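protein-v9.cif (mmCIF, C-alpha atoms and all ligand atoms) appears below.
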data_upload
#
loop_
_atom_site.label_atom_id
_atom_site.label_comp_id
_atom_site.auth_asym_id
_atom_site.auth_seq_id
_atom_site.Cartn_x
_atom_site.Cartn_y
_atom_site.Cartn_z
CA MET A 19 0.56 -8.78 -17.74
CA SER A 20 -1.21 -6.88 -20.46
CA LEU A 21 0.90 -4.20 -22.09
CA ALA A 22 -2.21 -2.01 -22.36
CA ASN A 23 -2.18 -1.50 -18.59
CA LEU A 24 1.47 -0.43 -18.52
CA THR A 25 2.11 1.77 -21.55
CA PRO A 26 2.23 5.43 -20.41
CA PHE A 27 0.19 8.16 -22.13
CA THR A 28 -2.42 5.66 -23.35
CA PRO A 29 -5.88 5.00 -21.88
CA TYR A 30 -6.77 1.87 -19.90
CA PRO A 31 -8.41 -0.85 -22.02
CA TYR A 32 -12.01 -0.28 -20.98
CA VAL A 33 -15.13 1.54 -22.19
CA GLY A 34 -17.24 2.06 -19.04
CA ARG A 35 -20.06 4.58 -18.88
CA HIS A 36 -20.69 8.02 -17.47
CA ILE A 37 -22.60 7.93 -14.19
CA ALA A 38 -24.10 10.53 -11.87
CA CYS A 39 -22.57 10.98 -8.41
CA PRO A 40 -23.68 8.04 -6.25
CA LEU A 41 -23.44 10.18 -3.11
CA CYS A 42 -25.55 13.28 -3.90
CA GLY A 43 -27.05 12.20 -7.25
CA GLY A 44 -25.72 15.34 -8.98
CA ASP A 45 -24.29 15.29 -12.49
CA ARG A 46 -22.38 18.58 -12.52
CA ALA A 47 -18.71 17.86 -12.04
CA THR A 48 -15.23 19.31 -12.68
CA VAL A 49 -12.32 17.41 -14.23
CA VAL A 50 -9.54 17.32 -11.60
CA ALA A 51 -7.11 14.95 -13.34
CA THR A 52 -6.61 13.41 -16.79
CA MET A 53 -3.62 11.23 -15.88
CA ASP A 54 -2.81 8.76 -13.11
CA ARG A 55 0.30 7.81 -11.18
CA ARG A 56 1.41 5.40 -13.95
CA LEU A 57 1.20 8.38 -16.37
CA LYS A 58 -1.70 6.65 -18.08
CA LYS A 59 -4.77 8.52 -19.31
CA LEU A 60 -7.48 8.40 -16.65
CA THR A 61 -10.13 11.07 -16.11
CA SER A 62 -11.22 11.90 -12.56
CA LEU A 63 -14.20 14.15 -11.80
CA CYS A 64 -14.95 16.06 -8.61
CA CYS A 65 -18.71 16.28 -8.04
CA ASP A 66 -19.66 19.99 -7.91
CA GLY A 67 -22.46 19.13 -5.49
CA CYS A 68 -20.74 17.14 -2.73
CA GLY A 69 -17.00 16.90 -3.52
CA LEU A 70 -16.82 13.11 -4.03
CA VAL A 71 -14.17 12.34 -6.68
CA ARG A 72 -14.90 9.54 -9.16
CA THR A 73 -13.38 7.91 -12.23
CA ASP A 74 -15.12 8.84 -15.48
CA PRO A 75 -16.26 6.86 -17.34
CA MET A 76 -16.92 4.28 -14.60
CA PRO A 77 -15.82 0.75 -15.60
CA ASP A 78 -18.54 -1.90 -15.53
CA ASP A 79 -18.41 -5.16 -13.55
CA ALA A 80 -16.99 -7.23 -16.41
CA GLU A 81 -14.25 -4.66 -17.06
CA LEU A 82 -13.30 -4.62 -13.38
CA ASP A 83 -13.31 -8.42 -13.26
CA ALA A 84 -10.92 -8.50 -16.21
CA TYR A 85 -8.65 -5.98 -14.50
CA TYR A 86 -8.63 -7.72 -11.12
CA SER A 87 -8.26 -11.22 -12.48
CA GLY A 88 -5.33 -10.36 -14.69
CA GLU A 89 -3.56 -7.22 -13.70
CA TYR A 90 -4.36 -6.04 -10.23
CA ARG A 91 -1.79 -7.65 -7.95
CA GLN A 92 1.02 -6.96 -10.40
CA ASP A 93 -0.01 -3.52 -11.53
CA TYR A 94 -1.20 -2.14 -8.21
CA GLN A 95 0.82 -3.84 -5.53
CA LEU A 96 3.78 -4.91 -7.67
CA ALA A 97 3.46 -8.30 -6.08
CA ALA A 98 3.38 -11.75 -7.63
CA ALA A 99 0.31 -13.98 -7.46
CA LEU A 100 1.11 -15.08 -3.91
CA PRO A 101 1.68 -12.47 -1.19
CA SER A 102 5.37 -11.64 -0.72
CA ALA A 103 7.11 -11.68 2.65
CA ARG A 104 7.17 -7.89 2.41
CA HIS A 105 3.41 -7.70 1.82
CA ILE A 106 2.71 -10.06 4.72
CA GLY A 107 5.02 -8.09 7.05
CA VAL A 108 3.31 -4.78 6.27
CA SER A 109 -0.15 -6.34 6.49
CA ARG A 110 0.58 -8.05 9.82
CA ARG A 111 1.76 -4.79 11.42
CA GLU A 112 -1.31 -2.91 10.18
CA ALA A 113 -3.60 -5.72 11.40
CA GLY A 114 -2.11 -5.47 14.89
CA GLN A 115 -2.70 -1.71 14.99
CA ARG A 116 -6.27 -2.03 13.75
CA LEU A 117 -7.11 -4.72 16.29
CA ALA A 118 -5.54 -2.75 19.16
CA LEU A 119 -7.74 0.22 18.21
CA LEU A 120 -10.96 -1.83 18.23
CA ALA A 121 -10.30 -4.35 21.03
CA PRO A 122 -11.34 -2.06 23.93
CA HIS A 123 -14.78 -1.81 22.31
CA LEU A 124 -15.33 -5.52 21.56
CA LYS A 125 -16.75 -8.09 23.93
CA ALA A 126 -15.17 -11.54 24.27
CA GLY A 127 -16.02 -13.74 21.30
CA ALA A 128 -17.36 -10.81 19.28
CA ARG A 129 -18.28 -11.60 15.66
CA VAL A 130 -15.77 -9.69 13.50
CA MET A 131 -15.82 -9.48 9.69
CA ASP A 132 -12.94 -8.09 7.61
CA PHE A 133 -14.28 -6.91 4.27
CA GLY A 134 -11.59 -7.21 1.58
CA SER A 135 -9.44 -9.41 3.78
CA GLY A 136 -6.62 -9.88 1.24
CA SER A 137 -4.04 -12.40 2.45
CA GLY A 138 -5.87 -12.74 5.80
CA GLU A 139 -3.54 -11.21 8.40
CA PHE A 140 -6.31 -9.24 10.16
CA VAL A 141 -8.66 -12.24 10.30
CA LYS A 142 -5.82 -14.32 11.76
CA ALA A 143 -5.00 -11.65 14.38
CA ALA A 144 -8.68 -11.35 15.36
CA LYS A 145 -9.09 -15.14 15.60
CA ASP A 146 -5.93 -15.41 17.74
CA ALA A 147 -7.36 -12.71 20.03
CA GLY A 148 -10.42 -14.88 20.65
CA TYR A 149 -12.93 -13.25 18.33
CA ASP A 150 -15.25 -15.13 15.98
CA ALA A 151 -13.56 -13.79 12.84
CA VAL A 152 -14.37 -14.14 9.15
CA GLY A 153 -12.96 -12.52 6.03
CA VAL A 154 -14.60 -11.60 2.74
CA GLU A 155 -12.24 -11.59 -0.24
CA PRO A 156 -13.10 -11.69 -3.95
CA GLY A 157 -9.50 -12.51 -5.00
CA THR A 158 -9.35 -16.31 -5.02
CA THR A 159 -5.54 -16.55 -4.84
CA PHE A 160 -5.31 -14.49 -1.66
CA ALA A 161 -8.41 -16.12 -0.15
CA THR A 162 -6.93 -19.58 -0.76
CA PHE A 163 -3.61 -18.46 0.73
CA ALA A 164 -5.32 -17.12 3.88
CA ARG A 165 -7.23 -20.37 4.46
CA ALA A 166 -4.19 -22.58 3.90
CA GLU A 167 -1.64 -20.44 5.74
CA TYR A 168 -3.71 -19.31 8.74
CA GLY A 169 -6.63 -21.74 8.91
CA VAL A 170 -9.07 -18.84 8.93
CA GLU A 171 -12.59 -18.66 7.48
CA ILE A 172 -12.71 -16.63 4.29
CA VAL A 173 -15.86 -16.20 2.22
CA SER A 174 -14.86 -15.64 -1.38
CA GLY A 175 -16.98 -14.21 -4.12
CA ARG A 176 -18.16 -10.88 -5.41
CA HIS A 177 -18.97 -8.59 -2.54
CA GLU A 178 -22.46 -7.86 -3.88
CA ASP A 179 -23.29 -11.57 -3.69
CA ILE A 180 -22.20 -11.93 -0.08
CA ASP A 181 -24.70 -11.38 2.67
CA PHE A 182 -24.90 -11.65 6.45
CA PRO A 183 -28.03 -11.76 8.60
CA ALA A 184 -29.18 -8.31 9.73
CA GLY A 185 -27.64 -7.29 13.04
CA SER A 186 -25.29 -10.29 13.15
CA LEU A 187 -21.86 -8.59 13.26
CA ASP A 188 -20.22 -6.77 16.19
CA ALA A 189 -17.43 -5.24 14.09
CA ILE A 190 -16.80 -4.74 10.39
CA THR A 191 -13.45 -3.54 9.11
CA ALA A 192 -12.60 -2.38 5.59
CA HIS A 193 -9.02 -1.18 5.30
CA HIS A 194 -8.43 0.59 1.96
CA VAL A 195 -11.25 -1.32 0.27
CA ILE A 196 -14.37 0.77 -0.38
CA GLU A 197 -12.55 3.17 -2.76
CA HIS A 198 -12.26 0.14 -5.09
CA LEU A 199 -16.03 -0.49 -5.23
CA ARG A 200 -18.42 0.72 -7.91
CA ASP A 201 -20.88 1.88 -5.27
CA PRO A 202 -19.16 2.51 -1.94
CA VAL A 203 -22.26 4.21 -0.46
CA ALA A 204 -24.33 1.06 -1.09
CA ALA A 205 -21.58 -1.03 0.55
CA LEU A 206 -21.62 1.20 3.66
CA ALA A 207 -25.42 0.86 3.86
CA ARG A 208 -25.08 -2.92 3.78
CA PHE A 209 -22.48 -2.69 6.58
CA ALA A 210 -24.95 -0.67 8.67
CA GLY A 211 -27.58 -3.37 8.16
CA TRP A 212 -25.22 -6.18 9.19
CA LEU A 213 -24.09 -4.42 12.38
CA ALA A 214 -25.56 -5.48 15.70
CA GLU A 215 -26.76 -2.90 18.21
CA GLY A 216 -23.62 -1.19 19.55
CA GLY A 217 -21.49 -2.58 16.70
CA VAL A 218 -18.67 -0.64 15.04
CA ALA A 219 -17.41 -0.25 11.47
CA TYR A 220 -13.75 0.65 10.92
CA ILE A 221 -13.37 2.28 7.50
CA ALA A 222 -10.03 3.51 6.14
CA VAL A 223 -9.52 5.04 2.69
CA PRO A 224 -6.76 7.25 1.24
CA ASP A 225 -7.36 11.00 1.77
CA ILE A 226 -7.19 12.57 -1.71
CA THR A 227 -6.83 16.03 -0.14
CA ARG A 228 -3.97 15.28 2.23
CA SER A 229 -1.29 13.84 -0.01
CA GLY A 230 1.66 16.11 -0.75
CA LYS A 231 2.02 14.44 -4.12
CA PRO A 232 1.22 16.19 -7.42
CA THR A 233 -2.46 15.74 -8.29
CA PHE A 234 -2.08 13.05 -10.99
CA GLU A 235 0.12 10.89 -8.71
CA ARG A 236 -2.80 10.46 -6.30
CA PHE A 237 -4.95 8.60 -8.85
CA HIS A 238 -4.95 4.96 -9.83
CA PHE A 239 -7.29 2.89 -11.99
CA ALA A 240 -8.13 0.58 -9.07
CA HIS A 241 -9.44 3.55 -7.02
CA LEU A 242 -12.83 4.27 -8.56
CA TYR A 243 -13.60 6.85 -5.86
CA ASN A 244 -11.38 9.23 -3.93
CA PHE A 245 -12.53 10.58 -0.57
CA SER A 246 -11.78 13.50 1.69
CA PRO A 247 -12.62 13.27 5.42
CA GLU A 248 -15.86 15.16 4.72
CA THR A 249 -17.03 13.07 1.76
CA LEU A 250 -16.32 9.85 3.69
CA GLU A 251 -18.41 11.13 6.58
CA MET A 252 -21.21 12.20 4.21
CA ALA A 253 -21.23 8.77 2.52
CA ALA A 254 -21.39 7.12 5.94
CA ALA A 255 -24.19 9.46 7.08
CA LYS A 256 -26.23 8.60 3.99
CA ALA A 257 -25.68 4.91 4.82
CA GLY A 258 -26.86 5.38 8.42
CA LEU A 259 -23.45 5.52 10.13
CA GLU A 260 -21.82 8.23 12.25
CA PRO A 261 -18.30 8.55 13.73
CA ASP A 262 -18.14 6.73 17.09
CA PRO A 263 -17.38 9.46 19.64
CA ARG A 264 -15.43 6.99 21.80
CA LEU A 265 -12.71 6.75 19.15
CA VAL A 266 -10.51 9.55 17.90
CA ARG A 267 -10.71 9.81 14.13
CA ASP A 268 -7.68 10.29 11.96
CA GLY A 269 -8.69 11.98 8.69
CA THR A 270 -10.10 9.26 6.45
CA THR A 271 -9.52 6.46 8.99
CA VAL A 272 -12.75 6.42 10.99
CA VAL A 273 -14.59 4.05 13.32
CA PHE A 274 -18.32 4.46 12.74
CA ARG A 275 -21.35 3.24 14.65
CA LYS A 276 -24.96 3.05 13.59
CA THR A 277 -26.72 6.39 13.68
CA ALA A 278 -28.95 6.31 16.75
CA ARG A 279 -31.93 8.07 15.20
CA PRO A 280 -31.90 7.96 11.41
CA ARG A 281 -32.09 11.53 10.19
CA ALA A 282 -32.33 13.20 6.85
CA TRP A 283 -29.01 13.30 5.10
CA ALA A 284 -27.69 16.50 3.48
CA VAL A 285 -24.62 17.66 1.58
CA THR A 286 -22.13 19.62 3.69
CA PRO A 287 -21.73 23.01 1.98
CA GLY A 288 -18.26 24.08 0.77
CA VAL A 289 -16.72 20.60 0.60
CA ALA A 290 -16.58 20.41 -3.21
CA GLU A 291 -14.69 23.73 -3.32
CA ARG A 292 -12.25 22.55 -0.65
CA VAL A 293 -11.57 19.25 -2.44
CA LYS A 294 -11.00 21.00 -5.78
CA ALA A 295 -8.63 23.52 -4.16
CA ALA A 296 -6.61 20.59 -2.78
CA LEU A 297 -6.18 19.15 -6.28
CA PRO A 298 -4.27 21.82 -8.23
CA ASP A 299 -3.71 21.19 -11.92
CA VAL A 300 -0.11 20.09 -12.40
CA SER A 301 1.37 19.63 -15.85
CA VAL A 302 2.77 16.12 -16.13
CA ALA A 303 5.51 17.26 -18.54
CA GLY A 304 6.49 20.09 -16.21
CA HIS A 305 6.63 17.73 -13.27
CA VAL A 306 8.84 15.27 -15.13
CA LEU A 307 11.18 18.10 -16.20
CA THR A 308 11.61 19.59 -12.72
CA GLY A 309 12.85 16.25 -11.38
CA ALA A 310 10.57 16.76 -8.36
CA TRP A 311 9.52 13.13 -8.73
CA LEU A 312 13.07 11.83 -8.09
CA ARG A 313 13.12 12.43 -4.35
CA PRO A 314 9.81 10.67 -3.60
CA MET A 315 10.86 7.84 -5.92
CA PHE A 316 14.08 7.30 -3.95
CA LYS A 317 12.14 7.58 -0.67
CA ARG A 318 9.68 4.92 -1.87
CA ALA A 319 12.56 2.66 -2.93
CA ALA A 320 14.21 3.09 0.50
CA LYS A 321 10.92 2.34 2.27
CA TRP A 322 10.46 -0.74 0.10
CA ARG A 323 13.97 -2.04 0.99
CA ARG A 324 13.27 -1.37 4.70
CA GLN A 325 10.00 -3.35 4.55
CA VAL A 326 11.68 -6.26 2.77
CA LYS A 327 14.44 -6.22 5.41
CA ASP A 328 11.88 -6.06 8.27
CA ALA A 329 9.93 -8.93 6.75
CA LYS A 330 13.09 -11.07 6.66
CA ALA A 331 14.01 -10.20 10.26
ZN ZN B 401 -22.00 14.38 -5.41
#

Kindly return the structure encoded in the file as structure tokens.
Amino acid sequence: MSLANLTPFTPYPYVGRHIACPLCGGDRATVVATMDRRLKKLTSLCCDGCGLVRTDPMPDDAELDAYYSGEYRQDYQLAAALPSARHIGVSRREAGQRLALLAPHLKAGARVMDFGSGSGEFVKAAKDAGYDAVGVEPGTTFATFARAEYGVEIVSGRHEDIDFPAGSLDAITAHHVIEHLRDPVAALARFAGWLAEGGVAYIAVPDITRSGKPTFERFHFAHLYNFSPETLEMAAAKAGLEPDPRLVRDGTTVVFRKTARPRAWAVTPGVAERVKAALPDVSVAGHVLTGAWLRPMFKRAAKWRRQVKDAKA
């Protein structure tokens, strides 16, 4: 692992470029964080127009490739190249919950695509439930693992290069994936195009406004965008998706359907102010000195041990 991605109080090894907000197109923005959860330098902007939070400067494709090929699984998930028993246990439980949520709305043999399928537990669960399931995963190690371990179909490659026929999918799921993409709004629009009439898209992202953590602890280099429930819904609306009224939404975990009559998309007023108010400026030094980080650290360690134990059971 590269030392440059681990040394605190230094920037990540990338240049990137400044971009306008891909949601509303605005370029006025407020800095909401200059540090991330690894105490590395990382600037995050909240768009003054719509409230979408983005990394600035935005890394380019080559810089992201370098990060994901070398550092991602270690740096972000603290996992080795192959998925650990703990990772698989957590992923299997989440896959079961996601499938149980969608199953009442899927017909037998429905064509289901998991976008960012990781080690393949959701694709396996969907296949076992009788759906025609496929995964899309750019990480070759995890894609190879999923095929070998579960015998599931995984399409690997950059997500921009992957395409499905229009209207060919009954369900698309993306669990904590689109916040990693350089243009999540474009990805949602592609999802809308791939969905069949009556199809659903399950999208889950972290809610940057809900976490009780200090502001800088909510940011990570891998998350190029950070959503609130409102900005996720706006991004979906721009892409031609609306929350499916048959399913109860939970913050930034939402099941969308295609918007019946495409209508003009507009920014929801007041969201940018609400997002900024939810991201108070916290001094990193002050936070370290108060020891407030100790309790969550011990809680995380306890949770980790529990998950490892559950995975072994
Ligand atoms: Zn914006």

Identify, on the basis of all atoms listed in the file, every residue whose closest approach to A:Ile37 does not exceed 12 Å; exclude the query and any residue fewer than 3 positions from it along the same chain; express the result as a PyMOL selection string.
-> chain A and resi 34+40-47+63+65+72-78+200-201+242

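The nearest approach to ligand ZN 401 (chain B) among the residues A:Cys39, A:Ser186, A:Leu265, A:Glu215, with all atoms listed in the file taken into account, belongs to A:Cys39.
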
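Residue nearest ligand ZN 401 (chain B) within the list A:Val195, A:Ala278, A:Met252, A:Leu206: A:Met252 [criterion: smallest interatomic distance, all atoms listed in the file].
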
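Shell of A:Ala284 at 12 Å, with all atoms listed in the file counted and residues fewer than 4 places along the chain excluded, is Leu41, Cys42, Gly43, Gly67, Cys68, Glu248, Thr249, Glu251, Met252, Ala253, Ala254, Ala255, Lys256 and Ala257 of chain A.
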
For each of A:Ala84, A:Ile190, A:Leu120, A:Thr48, take the minimum atom-to-atom distance to ligand ZN 401 (chain B), counting only C-alpha atoms and all ligand atoms, then give the residue where this is smallest.
-> A:Thr48

Return the single residue from A:Leu187, A:Leu117, A:Ala103, A:Ala147 that is closest to A:Arg129, with distances computed using all atoms listed in the file.
-> A:Leu187

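Relative to atom CA of A:Thr270, atom CA of A:Pro247 is found at 4.8 Å.
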
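For the residues A:Val130, A:Leu70, A:Ala151, A:Ala320, ranking by smallest atom-to-atom distance to A:Val285 using only C-alpha atoms places A:Leu70 first.
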
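Shortest separation to A:His194 among A:Asp262, A:Asp181, A:Asp132, A:Glu81 occurs at residue A:Asp132, atoms counted being all atoms listed in the file.
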
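Near A:Arg264, within 12 Å and counting all atoms listed in the file, sit Leu119, Leu120, Pro122, His123, Gly216, Val218, Glu260, Pro261, Asp262, Val266, Arg267, Val272, Val273, Phe274 and Arg275 of chain A, not including residues fewer than 2 positions from it in the same chain.
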
For atom CA of A:Pro287 and atom CA of A:Met53, quote the distance in Å rounded to one decimal.
-> 28.0 Å

Within 9 Å of (-17.7, -10.0, -2.1), in the coordinates the file gives, what residues turn up when you count all atoms listed in the file, written out as a count of residues only?
-> 14

If we count all atoms listed in the file and set the cut-off at 12 Å, which residues sit around A:Ser109, ignoring sequence neighbours fewer than 4 positions away in its own chain? Please answer as a PDB file with C-alpha atoms, in the frame of the given file.
ATOM      1  CA  PRO A 101       1.680 -12.470  -1.190  1.00  0.00           C
ATOM      2  CA  SER A 102       5.370 -11.640  -0.720  1.00  0.00           C
ATOM      3  CA  ALA A 103       7.110 -11.680   2.650  1.00  0.00           C
ATOM      4  CA  ARG A 104       7.170  -7.890   2.410  1.00  0.00           C
ATOM      5  CA  HIS A 105       3.410  -7.700   1.820  1.00  0.00           C
ATOM      6  CA  ALA A 113      -3.600  -5.720  11.400  1.00  0.00           C
ATOM      7  CA  GLY A 114      -2.110  -5.470  14.890  1.00  0.00           C
ATOM      8  CA  GLN A 115      -2.700  -1.710  14.990  1.00  0.00           C
ATOM      9  CA  ARG A 116      -6.270  -2.030  13.750  1.00  0.00           C
ATOM     10  CA  SER A 135      -9.440  -9.410   3.780  1.00  0.00           C
ATOM     11  CA  GLY A 136      -6.620  -9.880   1.240  1.00  0.00           C
ATOM     12  CA  SER A 137      -4.040 -12.400   2.450  1.00  0.00           C
ATOM     13  CA  GLY A 138      -5.870 -12.740   5.800  1.00  0.00           C
ATOM     14  CA  GLU A 139      -3.540 -11.210   8.400  1.00  0.00           C
ATOM     15  CA  PHE A 140      -6.310  -9.240  10.160  1.00  0.00           C
ATOM     16  CA  VAL A 141      -8.660 -12.240  10.300  1.00  0.00           C
ATOM     17  CA  LYS A 142      -5.820 -14.320  11.760  1.00  0.00           C
ATOM     18  CA  ALA A 143      -5.000 -11.650  14.380  1.00  0.00           C
ATOM     19  CA  HIS A 193      -9.020  -1.180   5.300  1.00  0.00           C
ATOM     20  CA  HIS A 194      -8.430   0.590   1.960  1.00  0.00           C
ATOM     21  CA  GLN A 325      10.000  -3.350   4.550  1.00  0.00           C
ATOM     22  CA  ALA A 329       9.930  -8.930   6.750  1.00  0.00           C
TER      23      ALA A 329
END

Expressed in Å to a single decimal, how great is the separation between atom CA of A:Pro183 and atom CA of A:Arg208?
-> 10.5 Å
